[in-house]
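With compact mmCIF, C-alpha atoms (C1' of nucleotides) inside, this is target.txt:
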```
# COMPACT_ATOMS: atom_id res chain seq x y z
CA MET H 3 -28.94 1.23 -17.56
CA GLY H 4 -25.23 0.54 -17.50
CA LYS H 5 -25.05 -0.14 -13.83
CA ARG H 6 -21.52 0.53 -12.81
CA LYS H 7 -19.94 -2.72 -11.75
CA LYS H 8 -19.48 -2.91 -8.05
CA SER H 9 -16.46 -5.18 -8.21
CA SER H 10 -13.82 -4.22 -5.76
CA THR H 11 -10.50 -3.01 -6.98
CA ASN H 12 -8.77 -4.56 -4.03
CA LEU H 13 -5.22 -5.72 -4.26
CA LEU H 14 -6.06 -9.37 -3.94
CA ASN H 15 -8.51 -9.69 -6.79
CA GLU H 16 -6.42 -11.63 -9.30
CA LYS H 17 -8.67 -11.00 -12.26
CA TYR H 18 -8.63 -7.28 -11.66
CA ILE H 19 -4.88 -7.28 -11.31
CA MET H 20 -4.29 -9.20 -14.52
CA GLU H 21 -6.41 -6.74 -16.46
CA SER H 22 -4.62 -3.74 -15.05
CA CYS H 23 -1.79 -1.83 -16.62
CA ASP H 24 1.69 -3.15 -16.02
CA LEU H 25 2.54 -0.61 -13.36
CA THR H 26 -0.64 -1.31 -11.44
CA TYR H 27 0.08 -5.00 -11.68
CA ALA H 28 3.55 -4.50 -10.23
CA VAL H 29 2.27 -2.23 -7.48
CA CYS H 30 -0.29 -4.85 -6.53
CA LYS H 31 2.37 -7.55 -6.36
CA VAL H 32 5.10 -5.79 -4.43
CA GLY H 33 3.28 -2.79 -3.00
CA GLY H 34 2.05 -2.41 0.52
CA ARG H 35 3.74 -1.62 3.74
CA TRP H 36 5.97 -4.67 4.07
CA LYS H 37 6.70 -6.55 0.87
CA LEU H 38 9.63 -4.57 -0.49
CA LEU H 39 11.11 -4.46 2.98
CA ILE H 40 10.93 -8.22 3.34
CA LEU H 41 12.42 -8.77 -0.10
CA CYS H 42 15.18 -6.32 0.59
CA LYS H 43 16.22 -8.15 3.74
CA LEU H 44 16.60 -11.31 1.67
CA GLU H 45 18.86 -9.58 -0.81
CA ASN H 46 22.04 -11.08 0.62
CA GLY H 47 20.82 -14.62 0.91
CA LYS H 48 18.50 -16.90 2.79
CA LEU H 49 17.07 -15.94 6.12
CA ARG H 50 15.07 -17.89 8.65
CA TYR H 51 11.68 -16.78 9.83
CA SER H 52 13.02 -15.51 13.12
CA GLU H 53 15.87 -13.69 11.42
CA LEU H 54 13.41 -11.89 9.19
CA ARG H 55 11.23 -11.03 12.15
CA ASN H 56 14.17 -9.55 13.99
CA ALA H 57 15.48 -7.74 10.94
CA ILE H 58 12.24 -5.93 10.19
CA ASP H 59 11.49 -3.32 12.75
CA GLY H 60 7.89 -3.17 13.79
CA ILE H 61 6.50 -6.13 11.90
CA THR H 62 4.27 -8.56 13.75
CA GLU H 63 4.42 -12.30 13.29
CA ARG H 64 0.97 -12.17 11.80
CA MET H 65 1.90 -9.67 9.11
CA LEU H 66 5.22 -11.35 8.40
CA THR H 67 3.50 -14.66 7.82
CA LEU H 68 0.72 -13.16 5.70
CA GLN H 69 3.10 -11.24 3.49
CA LEU H 70 5.52 -14.15 3.11
CA ARG H 71 2.66 -16.36 2.01
CA GLU H 72 1.59 -13.89 -0.63
CA LEU H 73 5.13 -13.42 -1.85
CA GLU H 74 5.50 -17.17 -2.05
CA LYS H 75 2.23 -17.55 -3.94
CA ASP H 76 3.34 -14.88 -6.40
CA GLY H 77 6.65 -16.58 -6.98
CA LEU H 78 8.80 -13.94 -5.37
CA VAL H 79 10.18 -15.95 -2.48
CA LYS H 80 11.00 -19.59 -2.08
CA ARG H 81 10.17 -21.21 1.22
CA THR H 82 12.17 -24.21 2.34
CA VAL H 83 11.20 -26.37 5.29
CA TYR H 84 13.82 -28.61 6.82
CA ALA H 85 12.78 -31.82 8.53
CA GLU H 86 14.45 -31.03 11.81
CA VAL H 87 13.56 -30.60 15.42
CA PRO H 88 13.23 -27.83 16.30
CA PRO H 89 11.74 -26.84 12.96
CA ARG H 90 13.73 -24.74 10.57
CA VAL H 91 12.33 -22.77 7.66
CA ASP H 92 14.13 -20.36 5.45
CA TYR H 93 13.22 -17.93 2.74
CA GLU H 94 15.09 -16.77 -0.32
CA LEU H 95 14.50 -14.61 -3.36
CA THR H 96 13.45 -16.20 -6.63
CA PRO H 97 14.99 -15.05 -9.93
CA ILE H 98 12.03 -12.81 -10.64
CA ALA H 99 12.45 -11.12 -7.28
CA ILE H 100 16.17 -10.71 -7.87
CA GLU H 101 15.29 -8.60 -10.88
CA LEU H 102 13.68 -6.15 -8.49
CA ILE H 103 16.83 -5.52 -6.48
CA PRO H 104 17.72 -2.35 -8.44
CA ILE H 105 14.25 -1.03 -7.75
CA TRP H 106 14.30 -1.21 -3.99
CA SER H 107 17.90 -0.16 -4.02
CA LYS H 108 17.08 3.02 -5.96
CA LEU H 109 13.95 3.63 -3.93
CA SER H 110 15.99 3.40 -0.78
CA SER H 111 18.57 5.89 -2.04
CA TRP H 112 15.80 8.21 -3.11
CA GLY H 113 14.26 7.87 0.33
CA ALA H 114 17.53 8.72 2.03
CA LYS H 115 18.01 11.79 -0.11
CA HIS H 116 14.47 13.08 0.15
CA LYS H 117 14.46 12.51 3.89
CA LYS H 118 17.49 14.74 4.29
CA LEU H 119 15.89 17.42 2.16
CA VAL H 120 12.79 17.39 4.30
CA LYS H 121 14.79 17.62 7.51
CA MET O 19 6.31 -3.11 33.33
CA GLY O 20 7.57 -2.01 29.93
CA LYS O 21 4.20 -1.44 28.42
CA ARG O 22 4.61 -1.82 24.70
CA LYS O 23 3.91 1.47 23.01
CA LYS O 24 0.62 1.52 21.25
CA SER O 25 1.71 3.95 18.56
CA SER O 26 0.33 3.16 15.16
CA THR O 27 2.59 2.38 12.28
CA ASN O 28 0.26 4.02 9.84
CA LEU O 29 1.54 5.63 6.70
CA LEU O 30 0.52 9.12 7.67
CA ASN O 31 2.31 9.38 10.96
CA GLU O 32 5.12 11.74 10.00
CA LYS O 33 7.22 11.11 13.07
CA TYR O 34 7.10 7.37 12.52
CA ILE O 35 8.01 7.77 8.87
CA MET O 36 10.99 9.99 9.57
CA GLU O 37 12.38 7.47 12.02
CA SER O 38 11.99 4.56 9.64
CA CYS O 39 14.59 3.12 7.36
CA ASP O 40 15.04 4.79 4.00
CA LEU O 41 13.12 2.16 2.10
CA THR O 42 10.18 2.35 4.45
CA TYR O 43 10.25 6.11 4.17
CA ALA O 44 10.11 5.90 0.38
CA VAL O 45 7.35 3.29 0.45
CA CYS O 46 5.31 5.54 2.72
CA LYS O 47 5.78 8.49 0.39
CA VAL O 48 5.07 6.90 -2.97
CA GLY O 49 3.48 3.62 -1.99
CA GLY O 50 -0.18 2.80 -2.06
CA ARG O 51 -2.55 1.95 -4.79
CA TRP O 52 -2.44 5.19 -6.80
CA LYS O 53 0.57 7.40 -6.23
CA LEU O 54 3.04 5.87 -8.67
CA LEU O 55 0.31 5.67 -11.26
CA ILE O 56 -0.51 9.35 -10.91
CA LEU O 57 3.14 10.33 -11.07
CA CYS O 58 3.69 8.15 -14.10
CA LYS O 59 0.89 9.85 -16.01
CA LEU O 60 2.59 13.18 -15.40
CA GLU O 61 5.87 11.93 -16.79
CA ASN O 62 5.41 13.67 -20.15
CA GLY O 63 4.32 17.01 -18.79
CA LYS O 64 1.53 18.86 -17.10
CA LEU O 65 -1.96 17.47 -16.97
CA ARG O 66 -5.21 18.97 -15.81
CA TYR O 67 -7.31 17.37 -13.11
CA SER O 68 -9.80 15.98 -15.61
CA GLU O 69 -7.05 14.68 -17.85
CA LEU O 70 -5.57 12.78 -14.95
CA ARG O 71 -8.95 11.42 -13.99
CA ASN O 72 -9.53 10.17 -17.50
CA ALA O 73 -6.03 8.77 -17.82
CA ILE O 74 -6.19 6.66 -14.69
CA ASP O 75 -8.55 3.79 -15.06
CA GLY O 76 -10.70 3.11 -12.05
CA ILE O 77 -9.72 6.03 -9.86
CA THR O 78 -12.46 8.00 -8.16
CA GLU O 79 -12.41 11.77 -7.86
CA ARG O 80 -12.11 11.41 -4.14
CA MET O 81 -8.99 9.27 -4.31
CA LEU O 82 -7.45 11.37 -7.05
CA THR O 83 -7.88 14.49 -4.97
CA LEU O 84 -6.64 12.88 -1.77
CA GLN O 85 -3.56 11.43 -3.39
CA LEU O 86 -2.75 14.62 -5.30
CA ARG O 87 -2.95 16.58 -2.05
CA GLU O 88 -0.54 14.22 -0.36
CA LEU O 89 1.84 14.24 -3.28
CA GLU O 90 1.73 18.03 -3.24
CA LYS O 91 2.35 18.18 0.51
CA ASP O 92 5.33 15.85 0.08
CA GLY O 93 6.77 17.97 -2.69
CA LEU O 94 6.29 15.47 -5.47
CA VAL O 95 3.81 17.38 -7.58
CA LYS O 96 3.29 21.06 -8.19
CA ARG O 97 -0.28 22.29 -8.42
CA THR O 98 -1.04 25.40 -10.41
CA VAL O 99 -4.38 27.17 -10.34
CA TYR O 100 -5.23 29.56 -13.12
CA ALA O 101 -7.59 32.45 -12.44
CA GLU O 102 -9.99 31.58 -15.20
CA VAL O 103 -13.61 30.70 -15.66
CA PRO O 104 -14.21 27.83 -15.89
CA PRO O 105 -11.48 26.98 -13.41
CA ARG O 106 -8.30 25.38 -14.62
CA VAL O 107 -5.77 23.53 -12.49
CA ASP O 108 -2.82 21.56 -13.63
CA TYR O 109 -0.31 19.28 -12.04
CA GLU O 110 3.31 18.58 -12.85
CA LEU O 111 6.21 16.61 -11.43
CA THR O 112 8.75 18.33 -9.22
CA PRO O 113 12.47 17.61 -9.62
CA ILE O 114 12.41 15.11 -6.78
CA ALA O 115 9.59 13.23 -8.46
CA ILE O 116 11.42 13.28 -11.77
CA GLU O 117 14.20 11.33 -10.07
CA LEU O 118 11.69 8.54 -9.59
CA ILE O 119 10.95 8.09 -13.28
CA PRO O 120 13.42 5.21 -13.68
CA ILE O 121 11.77 3.46 -10.78
CA TRP O 122 8.25 3.35 -12.11
CA SER O 123 9.60 2.70 -15.53
CA LYS O 124 11.49 -0.38 -14.35
CA LEU O 125 8.61 -1.49 -12.18
CA SER O 126 6.33 -1.29 -15.15
CA SER O 127 8.64 -3.38 -17.33
CA TRP O 128 8.96 -5.90 -14.56
CA GLY O 129 5.20 -6.00 -14.27
CA ALA O 130 4.79 -6.61 -17.99
CA LYS O 131 7.30 -9.44 -17.93
CA HIS O 132 6.01 -11.12 -14.81
CA LYS O 133 2.42 -10.84 -16.02
CA LYS O 134 3.30 -12.74 -19.16
CA LEU O 135 5.06 -15.43 -17.17
CA VAL O 136 2.01 -15.92 -14.99
CA LYS O 137 -0.30 -16.16 -17.98
C1' DC B 13 11.15 -22.48 16.20
C1' DA B 14 7.79 -21.15 13.29
C1' DG B 15 4.05 -20.41 13.04
C1' DT B 16 -2.03 -20.13 13.82
C1' DA B 17 -6.21 -18.33 15.70
C1' DT B 18 -9.07 -14.81 17.46
C1' DC B 19 -10.71 -10.44 18.47
C1' DC B 20 -10.62 -5.64 18.03
C1' DA B 21 -9.11 -0.91 16.39
C1' DT B 22 -7.55 1.99 12.85
C1' DT B 23 -6.80 3.35 8.17
C1' DA B 24 -7.32 3.13 3.21
C1' DA B 25 -10.29 2.78 -0.43
C1' DG B 26 -14.66 2.93 -2.91
C1' DA B 27 -19.59 4.58 -4.40
C1' DT B 28 -22.32 8.21 -4.93
C1' DA B 29 -24.24 12.72 -4.58
C1' DC B 30 -23.49 17.44 -4.52
C1' DT B 31 -21.13 22.44 -5.23
C1' DG B 32 -18.42 27.11 -6.08
C1' DC V 17 -14.02 22.21 -14.30
C1' DA V 18 -12.33 20.85 -10.23
C1' DG V 19 -13.31 19.53 -6.73
C1' DT V 20 -16.25 18.23 -1.44
C1' DA V 21 -19.20 15.63 1.56
C1' DT V 22 -21.04 11.57 3.27
C1' DC V 23 -21.45 6.91 3.91
C1' DT V 24 -19.88 2.13 3.47
C1' DT V 25 -16.66 -1.56 2.82
C1' DA V 26 -12.08 -3.59 2.58
C1' DA V 27 -7.44 -3.91 4.19
C1' DT V 28 -4.07 -3.43 7.62
C1' DG V 29 -2.34 -3.54 12.14
C1' DG V 30 -1.99 -4.90 17.07
C1' DA V 31 -2.59 -7.77 21.36
C1' DT V 32 -2.76 -11.99 23.10
C1' DA V 33 -3.08 -16.86 23.46
C1' DC V 34 -2.11 -21.22 21.64
C1' DT V 35 0.33 -25.35 18.85
C1' DG V 36 3.05 -29.09 16.10
```

Please, can you express the file's structure as structure tokens?
Amino acid sequence: MGKRKKSSTNLLNEKYIMESCDLTYAVCKVGGRWKLLILCKLENGKLRYSELRNAIDGITERMLTLQLRELEKDGLVKRTVYAEVPPRVDYELTPIAIELIPIWSKLSSWGAKHKKLVK
Amino acid sequence: MGKRKKSSTNLLNEKYIMESCDLTYAVCKVGGRWKLLILCKLENGKLRYSELRNAIDGITERMLTLQLRELEKDGLVKRTVYAEVPPRVDYELTPIAIELIPIWSKLSSWGAKHKKLVK
DNA sequence: CAGTATCCATTAAGATACTG
DNA sequence: CAGTATCTTAATGGATACTG
């Protein structure tokens, strides 16, 4: 009786994501409230954890850490830890993330335009 | 005692969205699991509700309806109801949504490429 | 400095059944 | 055909305290 599979379609289920269409895959990787914003702040070069935190209005340390870890796991940011005291860690875009620059750039322009229209 | 405001940062809080940066605004409008996918299916012209449902793998009627209503409210899709029996409704992109075509197109290509790299 | 850990509240998403 | 209604689960967000 073809019982519909109950498997979640959640964004973190790797198998599900790999089997999805390309757009869904991309949305799962860089979608969500914070990821594009984080990437976009790194557009002009490396930033430290605290610089990112201060640059992104409204993000909590918890969310920043969670999202950075996922971006790192997915190969979108590179995390470098320096053996110093006090500790220093910085983040930078990987080549595959750099390819996305036009996307968030266009999205941002679209946002600016649409926002004006709505006002 | 500067009590930190408790206001949510949820995606549906219009005031919050309007005050956000342009990228955040855009992400709030077309982000989420389904919106870009719905828009992308409408790229080649009008589709009926059932056509959309069949075109989008894994979406439930509930989510399709919810997301279509939001897209309509935000001026990204136009909903047309025909006075027929059985009922017929179709959806199409508005000009402002058409401007986003390059974005989901690029995102999709990026997804295809990255997916291969990961495999 | 750059995080973790914990607890709790809110929101988004999903499964399923039902209807004008 | 084109949806609603209801219930449940998953994801996100926030507050606060703590640590190498």

remark   = note - atom CA of Lys115 of chain H and atom CA of Tyr27 of chain H are separated by 27.2 Å

Pick out the chain V residues within 10 Å of chain H. Count all atoms listed in the file. Give them as a PDB file with C-alpha atoms (C1' of nucleotides), in the frame of the given file.
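Printed below is part.pdb as written:
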```
ATOM      1  C1'  DT V  25     -16.660  -1.560   2.820  1.00  0.00           C
ATOM      2  C1'  DA V  26     -12.080  -3.590   2.580  1.00  0.00           C
ATOM      3  C1'  DA V  27      -7.440  -3.910   4.190  1.00  0.00           C
ATOM      4  C1'  DT V  28      -4.070  -3.430   7.620  1.00  0.00           C
ATOM      5  C1'  DG V  29      -2.340  -3.540  12.140  1.00  0.00           C
ATOM      6  C1'  DG V  30      -1.990  -4.900  17.070  1.00  0.00           C
ATOM      7  C1'  DG V  36       3.050 -29.090  16.100  1.00  0.00           C
TER       8       DG V  36
END
```

Residues of chain B that approach chain H to 8 Å or less, counting all atoms listed in the file: could you list each one with the shortest pair of atoms and its distance in Å to one decimal, rows by chain and increasing residue number, as a tab-separated table?
```
residue	atom	partner	partner_atom	distance
B:DC13	C1'	H:Pro89	CA	5.5
B:DA14	C1'	H:Tyr51	CA	6.8
B:DG15	C1'	H:Thr67	CA	7.8
B:DG26	C1'	H:Ser10	CA	7.7
```

Residues of chain H were defined as contacting chain O if any atom lay at most 7 Å from it, counting all atoms listed in the file; please report them as a JSON list (two decimals) with C-alpha atoms, in the frame of the given file.
```json
[["chain", "number", "residue", "atom", "x", "y", "z"],
["H", 24, "ASP", "CA", 1.69, -3.15, -16.02],
["H", 25, "LEU", "CA", 2.54, -0.61, -13.36],
["H", 27, "TYR", "CA", 0.08, -5.00, -11.68],
["H", 28, "ALA", "CA", 3.55, -4.50, -10.23],
["H", 29, "VAL", "CA", 2.27, -2.23, -7.48],
["H", 33, "GLY", "CA", 3.28, -2.79, -3.00],
["H", 34, "GLY", "CA", 2.05, -2.41, 0.52],
["H", 35, "ARG", "CA", 3.74, -1.62, 3.74],
["H", 39, "LEU", "CA", 11.11, -4.46, 2.98],
["H", 105, "ILE", "CA", 14.25, -1.03, -7.75],
["H", 109, "LEU", "CA", 13.95, 3.63, -3.93],
["H", 110, "SER", "CA", 15.99, 3.40, -0.78],
["H", 113, "GLY", "CA", 14.26, 7.87, 0.33],
["H", 114, "ALA", "CA", 17.53, 8.72, 2.03]]
```

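Atom pair atom CA of Thr96 of chain H / atom CA of Ile119 of chain O has a distance of 25.3 Å (rounded to one decimal).
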
task = Rounded to one decimal place, report the atom C1' of DT22 of chain B-atom C1' of DA21 of chain V distance in Å.
result = 21.2 Å

request  = Could you give me, as an MDAnalysis selection string, the residues within 7 Å of Lys96 of chain O, counting all atoms listed in the file and dropping anything in the same chain fewer than 3 positions from it?
outcome  = chainID O and resid 90 109:112

inquiry  = Using only C-alpha atoms (C1' of nucleotides), which protein or nucleic acid residues come within 9 Å of segment 33-35 of chain V? Drop anything in the same chain fewer than 4 positions from it, and give the result as number ranges by chain.
reply    = B: 15-18

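Using only C-alpha atoms, the smallest distance between any of H:Ile100, H:Glu86, H:Lys48, H:Leu54 and Gln69 of chain H comes from H:Leu54.
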
Would you pull segment 75-118 of chain H out of the block just shown and save C-alpha atoms as a short mmCIF file (atom, residue, chain, number, x, y, z; two decimals), in the first residue's frame?
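Written output follows (decode_2.cif):
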```
data_model
loop_
_atom_site.label_atom_id
_atom_site.label_comp_id
_atom_site.auth_asym_id
_atom_site.auth_seq_id
_atom_site.Cartn_x
_atom_site.Cartn_y
_atom_site.Cartn_z
CA LYS H 75 31.28 22.31 5.88
CA ASP H 76 29.79 23.09 2.47
CA GLY H 77 33.01 24.59 1.24
CA LEU H 78 31.78 28.15 0.99
CA VAL H 79 33.99 29.75 3.61
CA LYS H 80 37.47 29.01 4.79
CA ARG H 81 38.16 29.30 8.49
CA THR H 82 41.66 30.09 9.65
CA VAL H 83 42.75 29.87 13.26
CA TYR H 84 45.91 31.65 14.30
CA ALA H 85 47.95 30.32 17.20
CA GLU H 86 47.91 33.53 19.16
CA VAL H 87 46.80 34.81 22.50
CA PRO H 88 44.21 36.18 22.51
CA PRO H 89 42.84 33.83 19.87
CA ARG H 90 42.30 35.07 16.37
CA VAL H 91 40.12 33.43 13.75
CA ASP H 92 39.19 34.75 10.38
CA TYR H 93 36.87 33.76 7.61
CA GLU H 94 37.10 34.19 3.87
CA LEU H 95 35.20 33.17 0.77
CA THR H 96 36.25 30.10 -1.17
CA PRO H 97 36.33 30.15 -4.98
CA ILE H 98 32.93 28.50 -5.18
CA ALA H 99 31.46 31.20 -2.95
CA ILE H 100 33.12 33.91 -5.01
CA GLU H 101 31.10 32.66 -7.96
CA LEU H 102 27.99 33.66 -6.05
CA ILE H 103 28.97 37.31 -5.71
CA PRO H 104 26.91 38.38 -8.74
CA ILE H 105 23.91 36.65 -7.24
CA TRP H 106 23.79 38.45 -3.94
CA SER H 107 24.80 41.62 -5.67
CA LYS H 108 21.83 41.41 -8.04
CA LEU H 109 19.51 40.29 -5.29
CA SER H 110 20.53 43.28 -3.25
CA SER H 111 19.89 45.69 -6.12
CA TRP H 112 16.54 44.06 -6.72
CA GLY H 113 15.76 44.42 -3.04
CA ALA H 114 16.63 48.11 -3.08
CA LYS H 115 14.44 48.74 -6.09
CA HIS H 116 11.46 46.72 -4.92
CA LYS H 117 11.65 48.30 -1.49
CA LYS H 118 11.33 51.76 -3.00
#
```
